[in-house]
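For reference, final16.txt (compact mmCIF, C-alpha atoms and all ligand atoms):
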```txt
# COMPACT_ATOMS: atom_id res chain seq x y z
CA MET A 1 0.00 0.00 0.00
CA SER A 2 1.32 3.45 -0.86
CA ILE A 3 1.36 6.62 1.17
CA GLU A 4 -0.96 8.15 -1.45
CA SER A 5 -3.75 5.90 -0.25
CA LEU A 6 -3.60 7.64 3.14
CA ALA A 7 -3.56 11.17 1.74
CA ARG A 8 -6.55 13.25 0.69
CA PRO A 9 -7.54 12.10 -2.81
CA ASP A 10 -7.79 15.70 -4.04
CA ILE A 11 -4.18 16.32 -2.97
CA VAL A 12 -3.04 13.14 -4.69
CA ALA A 13 -4.82 14.30 -7.85
CA MET A 14 -3.44 17.86 -7.88
CA ARG A 15 -0.19 19.09 -9.29
CA ALA A 16 2.13 21.41 -7.36
CA TYR A 17 2.10 25.06 -8.38
CA SER A 18 4.93 25.60 -10.76
CA SER A 19 6.65 28.84 -9.80
CA ALA A 20 8.97 30.75 -12.10
CA ARG A 21 11.96 29.92 -9.94
CA SER A 22 11.12 26.23 -9.76
CA GLU A 23 10.88 25.99 -13.56
CA ALA A 24 14.21 27.60 -14.34
CA PRO A 25 17.34 28.34 -12.32
CA ALA A 26 18.03 31.97 -11.36
CA GLN A 27 20.73 32.39 -13.97
CA GLY A 28 21.02 34.44 -17.14
CA VAL A 29 18.72 37.25 -18.19
CA LEU A 30 15.81 36.81 -15.81
CA LEU A 31 12.59 37.99 -17.39
CA ASN A 32 10.27 35.23 -16.19
CA ALA A 33 9.09 36.26 -12.71
CA ASN A 34 7.92 39.87 -13.05
CA GLU A 35 10.67 40.94 -10.68
CA ALA A 36 12.25 44.40 -10.56
CA PRO A 37 15.54 44.66 -12.46
CA ARG A 38 17.56 45.68 -9.39
CA SER A 39 17.43 45.79 -5.60
CA LEU A 40 16.90 49.23 -4.07
CA LEU A 41 19.37 48.28 -1.35
CA GLY A 42 22.28 48.20 -3.78
CA ASP A 43 25.15 45.79 -3.39
CA ALA A 44 27.09 47.21 -0.46
CA GLY A 45 25.49 45.07 2.24
CA ALA A 46 24.91 41.37 2.78
CA ASP A 47 24.81 39.13 -0.28
CA TRP A 48 21.04 38.80 -0.16
CA GLU A 49 20.53 42.58 -0.16
CA ALA A 50 21.76 42.91 -3.72
CA ARG A 51 19.45 40.06 -4.76
CA LEU A 52 16.41 41.21 -2.82
CA ASN A 53 14.55 41.99 -6.06
CA ARG A 54 14.67 38.26 -6.93
CA TYR A 55 12.40 35.55 -5.57
CA PRO A 56 14.35 33.09 -3.41
CA GLU A 57 14.87 29.45 -4.35
CA PRO A 58 11.74 27.47 -3.36
CA GLN A 59 13.90 24.83 -1.63
CA PRO A 60 17.40 26.36 -1.46
CA ARG A 61 19.74 23.71 -2.79
CA LEU A 62 22.71 24.40 -0.56
CA LEU A 63 20.59 24.67 2.58
CA VAL A 64 18.79 21.42 1.75
CA GLU A 65 22.18 19.73 1.27
CA ARG A 66 23.51 20.99 4.60
CA LEU A 67 20.37 19.96 6.47
CA ALA A 68 20.32 16.55 4.80
CA ALA A 69 23.92 16.02 5.93
CA LEU A 70 23.09 17.25 9.43
CA TYR A 71 20.21 14.81 9.87
CA GLY A 72 21.77 11.98 7.86
CA VAL A 73 19.13 11.69 5.13
CA ASP A 74 18.94 12.03 1.33
CA ARG A 75 17.85 15.35 -0.14
CA GLY A 76 14.61 13.89 -1.50
CA GLY A 77 13.50 12.96 1.99
CA LEU A 78 13.65 16.48 3.36
CA LEU A 79 11.50 19.59 3.11
CA VAL A 80 12.57 22.92 4.61
CA THR A 81 9.64 24.84 6.08
CA ARG A 82 8.85 28.12 7.79
CA GLY A 83 9.37 26.59 11.23
CA SER A 84 7.95 23.23 12.32
CA ASP A 85 4.64 25.01 12.60
CA GLU A 86 4.37 25.02 8.82
CA GLY A 87 5.29 21.32 8.65
CA ILE A 88 2.50 20.49 11.13
CA ASP A 89 0.04 22.51 9.05
CA LEU A 90 1.09 20.91 5.74
CA LEU A 91 0.78 17.39 7.16
CA THR A 92 -2.68 18.08 8.52
CA ARG A 93 -3.87 19.56 5.25
CA VAL A 94 -2.48 16.71 3.14
CA PHE A 95 -3.75 13.79 5.22
CA CYS A 96 -7.03 14.97 6.79
CA ARG A 97 -10.28 15.48 4.91
CA ALA A 98 -12.37 18.16 6.61
CA GLY A 99 -15.29 16.70 8.52
CA ARG A 100 -14.16 13.11 7.98
CA ASP A 101 -10.65 12.34 9.18
CA ALA A 102 -9.10 12.82 12.61
CA VAL A 103 -5.84 13.83 14.23
CA LEU A 104 -4.75 11.99 17.36
CA HIS A 105 -2.59 13.68 19.97
CA CYS A 106 -1.69 13.10 23.60
CA PRO A 107 -2.27 16.13 25.80
CA PRO A 108 -0.79 17.85 27.61
CA THR A 109 1.37 18.54 24.58
CA PHE A 110 2.31 21.21 22.05
CA GLY A 111 -0.75 23.29 21.17
CA MET A 112 -0.15 23.60 17.43
CA TYR A 113 -1.38 20.07 16.62
CA ARG A 114 -4.84 21.05 17.84
CA ILE A 115 -4.79 24.39 16.02
CA ALA A 116 -3.76 22.77 12.73
CA ALA A 117 -6.52 20.16 13.09
CA GLN A 118 -9.13 22.79 13.88
CA ALA A 119 -8.04 24.98 10.98
CA GLN A 120 -8.38 22.02 8.63
CA GLY A 121 -11.74 20.91 10.04
CA ALA A 122 -10.33 17.57 11.19
CA ALA A 123 -11.68 15.83 14.28
CA ILE A 124 -9.37 15.58 17.30
CA VAL A 125 -8.93 12.32 19.19
CA GLU A 126 -7.21 12.74 22.54
CA VAL A 127 -5.29 10.11 24.47
CA PRO A 128 -4.45 12.01 27.63
CA ARG A 129 -1.18 11.38 29.42
CA ALA A 130 -1.44 10.17 32.99
CA ALA A 131 -0.79 12.96 35.49
CA ALA A 132 0.00 10.41 38.19
CA ALA A 133 2.83 8.93 36.06
CA ASP A 134 4.61 12.23 35.33
CA PHE A 135 2.39 12.55 32.24
CA ARG A 136 4.11 9.72 30.42
CA LEU A 137 2.49 8.27 27.32
CA ASP A 138 0.15 5.36 27.91
CA GLY A 139 1.04 3.01 25.04
CA GLY A 140 -1.82 0.60 25.72
CA ARG A 141 -4.43 3.36 25.63
CA LEU A 142 -2.87 4.81 22.52
CA LEU A 143 -3.20 1.55 20.59
CA GLU A 144 -6.73 1.02 21.92
CA ALA A 145 -7.79 4.49 20.82
CA LEU A 146 -6.45 3.78 17.33
CA ASP A 147 -8.38 0.54 17.09
CA ALA A 148 -11.53 2.24 18.33
CA ASP A 149 -11.50 5.08 15.79
CA SER A 150 -10.89 4.42 12.13
CA ARG A 151 -10.98 8.16 11.32
CA VAL A 152 -7.46 8.74 12.67
CA LYS A 153 -5.09 9.58 9.82
CA LEU A 154 -2.40 11.49 11.64
CA ILE A 155 -0.81 10.83 15.03
CA PHE A 156 1.27 13.59 16.60
CA LEU A 157 3.82 12.47 19.16
CA THR A 158 6.50 14.65 20.68
CA SER A 159 9.83 13.43 21.97
CA PRO A 160 10.83 14.94 24.30
CA ASN A 161 7.32 16.23 24.84
CA ASN A 162 6.45 19.84 25.50
CA PRO A 163 5.62 20.68 28.32
CA THR A 164 6.20 17.39 30.15
CA GLY A 165 9.74 16.69 28.91
CA ASP A 166 9.45 12.91 28.55
CA ALA A 167 10.90 11.05 25.56
CA ILE A 168 9.01 8.27 23.83
CA ASP A 169 10.00 4.69 24.56
CA PRO A 170 11.64 3.28 21.38
CA GLY A 171 9.79 -0.03 21.78
CA LEU A 172 6.46 1.77 21.88
CA LEU A 173 7.33 3.79 18.78
CA ARG A 174 8.16 0.61 16.84
CA ARG A 175 5.00 -1.11 18.00
CA LEU A 176 2.97 1.93 17.00
CA LEU A 177 4.60 2.11 13.56
CA GLU A 178 3.76 -1.53 12.91
CA HIS A 179 0.25 -1.06 14.22
CA THR A 180 -0.41 1.94 11.97
CA ARG A 181 1.25 0.64 8.79
CA ASP A 182 -1.12 1.34 5.85
CA ARG A 183 -3.51 3.02 8.27
CA ALA A 184 -2.14 6.29 9.61
CA VAL A 185 0.89 8.57 9.54
CA VAL A 186 2.96 8.86 12.72
CA VAL A 187 4.55 12.28 13.15
CA LEU A 188 7.35 12.40 15.70
CA ASP A 189 8.11 15.99 16.63
CA GLU A 190 11.76 16.07 17.76
CA ALA A 191 11.99 19.82 18.42
CA TYR A 192 13.99 19.14 21.62
CA ALA A 193 15.93 16.06 20.49
CA GLU A 194 19.36 17.68 20.83
CA PHE A 195 18.85 18.20 24.57
CA CYS A 196 18.10 14.52 25.10
CA PRO A 197 20.74 11.76 24.97
CA ARG A 198 18.47 9.28 23.16
CA PRO A 199 18.93 8.61 19.45
CA SER A 200 16.66 10.31 16.92
CA ALA A 201 13.98 8.25 15.16
CA VAL A 202 15.29 9.44 11.77
CA ASP A 203 16.90 6.05 11.12
CA LEU A 204 13.49 4.36 11.25
CA ILE A 205 12.26 6.35 8.24
CA GLN A 206 13.82 4.03 5.65
CA ASP A 207 11.75 1.09 6.93
CA HIS A 208 8.56 3.03 7.62
CA ALA A 209 6.75 4.86 4.84
CA ASN A 210 4.27 6.20 7.41
CA LEU A 211 6.84 7.89 9.72
CA VAL A 212 7.53 11.63 9.67
CA VAL A 213 10.16 13.27 11.87
CA LEU A 214 10.07 17.03 12.52
CA ARG A 215 13.22 18.95 13.42
CA THR A 216 13.77 22.67 13.88
CA LEU A 217 16.50 25.27 14.25
CA SER A 218 14.34 27.06 16.83
CA LYS A 219 15.50 25.41 20.03
CA ALA A 220 18.93 23.75 20.23
CA TRP A 221 20.25 25.84 17.33
CA ALA A 222 19.24 29.00 19.18
CA ALA A 223 17.57 30.38 16.07
CA ALA A 224 13.84 30.68 16.80
CA GLY A 225 13.89 34.04 15.01
CA LEU A 226 14.85 32.38 11.72
CA ARG A 227 11.64 30.35 11.39
CA CYS A 228 13.38 27.37 9.89
CA GLY A 229 12.01 23.86 10.34
CA VAL A 230 12.56 20.54 8.61
CA VAL A 231 10.22 17.69 7.68
CA LEU A 232 11.91 14.30 7.23
CA ALA A 233 10.15 11.32 5.64
CA GLN A 234 10.38 9.02 2.64
CA PRO A 235 10.41 10.96 -0.67
CA ALA A 236 6.88 9.86 -1.65
CA LEU A 237 5.43 11.51 1.44
CA ILE A 238 7.60 14.63 1.05
CA ASP A 239 6.36 14.94 -2.55
CA LEU A 240 2.78 15.20 -1.29
CA LEU A 241 3.74 18.08 1.02
CA ARG A 242 5.48 19.87 -1.87
CA ARG A 243 2.10 20.16 -3.57
CA VAL A 244 0.64 22.42 -0.91
CA ILE A 245 3.62 24.31 0.52
CA ALA A 246 3.83 28.03 -0.28
CA PRO A 247 5.95 28.56 -3.41
CA TYR A 248 8.67 30.53 -1.62
CA PRO A 249 8.50 29.65 2.08
CA LEU A 250 11.99 30.85 3.00
CA PRO A 251 12.95 34.53 2.59
CA SER A 252 16.45 35.07 1.19
CA PRO A 253 17.84 36.70 4.38
CA VAL A 254 16.66 33.63 6.29
CA VAL A 255 18.34 31.26 3.85
CA SER A 256 21.56 33.22 4.10
CA LEU A 257 21.49 33.17 7.91
CA ALA A 258 20.48 29.51 8.07
CA LEU A 259 23.51 28.63 5.96
CA ARG A 260 25.66 30.63 8.34
CA MET A 261 24.13 28.70 11.27
CA LEU A 262 25.15 25.41 9.72
CA GLU A 263 28.79 26.23 9.10
CA GLN A 264 31.36 24.05 10.81
CA ASP A 265 32.23 26.49 13.63
CA MET A 266 28.59 26.60 14.70
CA LEU A 267 28.62 22.90 15.60
CA GLN A 268 31.26 23.62 18.21
CA ARG A 269 29.29 26.62 19.47
CA GLN A 270 26.19 24.48 19.64
CA ARG A 271 27.99 21.85 21.69
CA GLU A 272 29.04 24.57 24.12
CA LEU A 273 25.49 25.89 24.29
CA LEU A 274 24.08 22.42 24.98
CA ALA A 275 26.62 21.91 27.77
CA GLU A 276 25.68 25.30 29.21
CA VAL A 277 21.97 24.44 29.09
CA ALA A 278 22.65 21.12 30.85
CA ARG A 279 24.62 22.91 33.60
CA ASN A 280 21.99 25.60 33.98
CA LYS A 281 19.23 23.04 34.14
CA GLN A 282 20.90 21.57 37.23
CA ARG A 283 21.07 25.09 38.68
CA LEU A 284 17.41 25.68 37.93
CA ILE A 285 16.43 22.40 39.55
CA ALA A 286 18.54 23.21 42.60
CA THR A 287 16.85 26.61 42.82
CA LEU A 288 13.39 25.06 42.76
CA ALA A 289 13.96 21.93 44.83
CA GLY A 290 12.75 22.07 48.40
CA ARG A 291 10.71 25.28 48.06
CA PRO A 292 7.48 24.89 50.01
CA PHE A 293 5.22 25.86 47.11
CA VAL A 294 6.73 23.27 44.74
CA ARG A 295 4.52 20.21 44.96
CA ARG A 296 6.23 18.33 42.18
CA LEU A 297 9.06 18.99 39.80
CA ILE A 298 9.11 17.13 36.49
CA ARG A 299 12.63 17.44 35.11
CA GLY A 300 12.12 15.88 31.70
CA GLU A 301 14.81 15.59 29.05
CA ALA A 302 14.55 19.00 27.37
CA ASN A 303 15.52 22.61 28.08
CA PHE A 304 12.68 23.27 30.51
CA VAL A 305 11.11 21.84 33.64
CA LEU A 306 7.47 21.52 34.63
CA VAL A 307 6.50 22.46 38.17
CA ASP A 308 3.30 21.73 40.03
CA THR A 309 2.72 24.60 42.44
CA ALA A 310 0.21 25.36 45.12
CA SER A 311 -0.84 28.64 43.49
CA ALA A 312 0.28 28.93 39.89
CA GLU A 313 -1.81 31.94 38.90
CA ALA A 314 -0.74 34.17 41.79
CA LEU A 315 2.88 33.09 41.47
CA LEU A 316 2.95 33.74 37.70
CA ALA A 317 1.48 37.19 38.21
CA TYR A 318 3.92 37.97 41.03
CA CYS A 319 6.89 36.95 38.88
CA ALA A 320 5.60 38.84 35.83
CA GLU A 321 5.19 42.04 37.84
CA ARG A 322 8.87 41.72 38.73
CA GLY A 323 9.92 41.09 35.16
CA VAL A 324 10.32 37.30 35.26
CA ILE A 325 8.02 35.69 32.71
CA LEU A 326 7.10 32.03 33.16
CA ARG A 327 4.61 29.92 31.26
CA GLY A 328 1.31 28.98 32.84
CA PHE A 329 -1.54 27.02 31.30
CA PRO A 330 -4.73 28.73 32.48
CA ALA A 331 -6.83 27.25 29.66
CA ASP A 332 -5.71 23.64 30.19
CA PRO A 333 -7.51 21.74 32.97
CA MET A 334 -4.88 18.97 32.91
CA LEU A 335 -2.19 21.49 33.77
CA HIS A 336 -4.02 23.38 36.45
CA GLY A 337 -1.37 24.48 38.94
CA TYR A 338 1.55 23.77 36.61
CA ILE A 339 4.21 26.20 35.45
CA ARG A 340 6.76 25.55 32.72
CA ILE A 341 10.13 27.18 33.22
CA SER A 342 12.69 27.35 30.41
CA VAL A 343 16.36 26.88 31.24
CA GLY A 344 17.77 30.38 30.79
CA SER A 345 21.18 31.86 31.42
CA GLU A 346 22.89 31.81 34.81
CA SER A 347 21.74 35.36 35.47
CA ASP A 348 18.18 34.53 34.39
CA ILE A 349 18.14 31.77 37.00
CA ALA A 350 19.55 34.11 39.63
CA ALA A 351 16.80 36.63 38.83
CA LEU A 352 14.19 33.90 39.12
CA ALA A 353 15.65 32.73 42.44
CA ALA A 354 15.49 36.25 43.86
CA VAL A 355 11.83 36.65 42.91
CA LEU A 356 10.98 33.21 44.32
CA ASP A 357 12.73 34.10 47.60
CA ALA A 358 10.65 37.26 47.83
CA TRP A 359 7.48 35.34 47.02
CA GLU A 360 8.18 32.82 49.76
CA GLU A 361 8.54 35.62 52.29
CA THR A 362 5.25 37.15 51.16
CA VAL A 363 3.49 33.83 51.51
CA GLU A 364 5.01 33.19 54.93
CA GLU A 365 3.92 36.62 56.14
CA GLN A 366 0.38 35.90 55.05
CA ALA A 367 0.35 32.50 56.71
C1 LIG A 401 9.07 24.89 20.06
C2 LIG A 401 8.46 23.71 19.42
C3 LIG A 401 8.50 23.54 18.03
C4 LIG A 401 9.20 24.53 17.18
O1 LIG A 401 8.37 25.12 16.26
P1 LIG A 401 9.02 26.11 15.19
O2 LIG A 401 7.84 26.47 14.38
O3 LIG A 401 10.03 25.31 14.43
O4 LIG A 401 9.64 27.24 15.92
C5 LIG A 401 7.94 22.42 17.48
N1 LIG A 401 7.38 21.48 18.25
C6 LIG A 401 7.34 21.59 19.59
C7 LIG A 401 6.74 20.51 20.40
C8 LIG A 401 7.86 22.72 20.21
O5 LIG A 401 7.78 22.84 21.54
```
Is it possible to express this structure as structure tokens?
Ligand SMILES: *Cc1c(COP(=O)(O)O)cnc(C)c1O
Amino acid sequence: MSIESLARPDIVAMRAYSSARSEAPAQGVLLNANEAPRSLLGDAGADWEARLNRYPEPQPRLLVERLAALYGVDRGGLLVTRGSDEGIDLLTRVFCRAGRDAVLHCPPTFGMYRIAAQAQGAAIVEVPRAAAADFRLDGGRLLEALDADSRVKLIFLTSPNNPTGDAIDPGLLRRLLEHTRDRAVVVLDEAYAEFCPRPSAVDLIQDHANLVVLRTLSKAWAAAGLRCGVVLAQPALIDLLRRVIAPYPLPSPVVSLALRMLEQDMLQRQRELLAEVARNKQRLIATLAGRPFVRRLIRGEANFVLVDTASAEALLAYCAERGVILRGFPADPMLHGYIRISVGSESDIAALAAVLDAWEETVEEQA
């Protein structure tokens, strides 16, 4: 069975928009894209400034090559997107018929899976994580939910998960991939993979036509401002996404900077950053541990921790008034009382500690 049989028939039937730049390389006398003949910025600045009058490459060749080398895949199995957010949206649009198909996700988790499903008119099947077990995935319930609902076309899993920090058990992932073969697409969002010592699931792609892995430069590459994400899957699945992606998703300044990010010296800088985050995470945990208002601290395997507190709302407001911004989840009943804290710099953690000290005194005075 082919991946096309899982996709929306109208997407399988359509042809990708053929943009001027995808039909012919940007060389020679370019009179095919209704562009201006020159950039108003002139040619004194960055290389892209002089070319700003030109549309960028739809999938910049050099960037695709660098990313393919980084993740250890062939070029045909990779699509560069405007952040992972765009990848999530493309997948939902390609595989879910409005009003008929469903997306499965496991809350508490990243909110964009739900938004993409709602925007597409897909139903949402939830397999909640168990609060009592540090919100770990319940593999048994996941498989049961799949068997109970034949509408599910797309399964979003996150490893490590946001905001609970747990990584998926490799045995469960394999079982799930077998279980969903010819039935549904499994999307493993590895936005935080670099912070976690476990191997990526990328190597499973060659044996599983229904596996998609999402990576991003937003977290461990310290480049959230770039908006650069990557979808990894077998070429047949990637080809379906190419049909609906915007013709020029990556602005030329972004491509230029992304290439800079992936130069050899950046790997060393990234290693240093990851070591710094690991050290600071220990500091953050030490700062939080033993405080009377911390009911539970879920460390997870990413660059944040999740804390169950006695009074999340008041604490969040208190910190915000003093310039320390943490993440609460007021709209999520499963996360009532929880606060997610990103691992910042050493001075960020010191600032947090000072505010928490002051908060403790306030609470003690009131008691
Ligand atoms: C932060 C995050 C992303 C990154 O999204 P971008 O659009 O690439 O910035 C993706 N997935 C999860 C679970 C995240 O927490």
Taking a cut-off of 8 Å and counting only C-alpha atoms and all ligand atoms, can you build a table that, for each residue of chain A near ligand LIG 401 (chain A), reports the nearest atom pair and how far apart they are in Å (one decimal), sorted by chain then residue number, as CSV?
```
residue,atom,partner,partner_atom,distance
A:Arg82,CA,A:LIG401,O2,6.9
A:Gly83,CA,A:LIG401,O2,3.5
A:Ser84,CA,A:LIG401,O3,3.6
A:Asp85,CA,A:LIG401,O2,3.9
A:Glu86,CA,A:LIG401,O2,6.7
A:Thr109,CA,A:LIG401,C7,7.1
A:Phe110,CA,A:LIG401,C7,4.8
A:Met112,CA,A:LIG401,N1,7.9
A:Thr158,CA,A:LIG401,C7,5.9
A:Ser159,CA,A:LIG401,C7,7.9
A:Pro160,CA,A:LIG401,C7,7.9
A:Asn161,CA,A:LIG401,C7,6.2
A:Asn162,CA,A:LIG401,O5,5.1
A:Pro163,CA,A:LIG401,O5,7.4
A:Asp189,CA,A:LIG401,N1,5.8
A:Glu190,CA,A:LIG401,N1,7.0
A:Ala191,CA,A:LIG401,N1,4.9
A:Tyr192,CA,A:LIG401,O5,7.2
A:Leu214,CA,A:LIG401,C5,7.6
A:Arg215,CA,A:LIG401,O3,7.2
A:Thr216,CA,A:LIG401,O3,4.6
A:Leu217,CA,A:LIG401,O3,6.5
A:Ser218,CA,A:LIG401,O4,4.8
A:Lys219,CA,A:LIG401,C1,6.5
A:Ala224,CA,A:LIG401,O4,5.5
A:Arg227,CA,A:LIG401,O4,5.8
A:Cys228,CA,A:LIG401,O3,6.0
A:Gly229,CA,A:LIG401,O3,4.8
A:Val230,CA,A:LIG401,O3,7.9
```
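Interatomic distance, CA of Ser311 (chain A) against CA of Asp134 (chain A): 19.1 Å.
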Shell around region 270-285 of chain A at 7 Å using all atoms listed in the file, local window under 4 positions removed, as a PyMOL selection string: chain A and resi 195+221+266+289+303+343+345-346+349
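Take CA of Val103 (chain A) and CA of Ala133 (chain A): the distance between them is 24.0 Å.
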Listing only residues of region 114-214 of chain A within 10 Å of region 327-340 of chain A, what is the closest atom pair and its distance in Å (to one decimal) for each, using only C-alpha atoms, sorted by chain and residue number ascending, as a tab-separated table?
```
residue	atom	partner	partner_atom	distance
A:Pro128	CA	A:Met334	CA	8.7
A:Arg129	CA	A:Met334	CA	9.1
A:Ala130	CA	A:Met334	CA	9.4
A:Ala131	CA	A:Met334	CA	7.7
A:Phe135	CA	A:Met334	CA	9.7
A:Asn162	CA	A:Arg340	CA	9.2
A:Pro163	CA	A:Arg340	CA	6.7
A:Thr164	CA	A:Arg340	CA	8.6
```
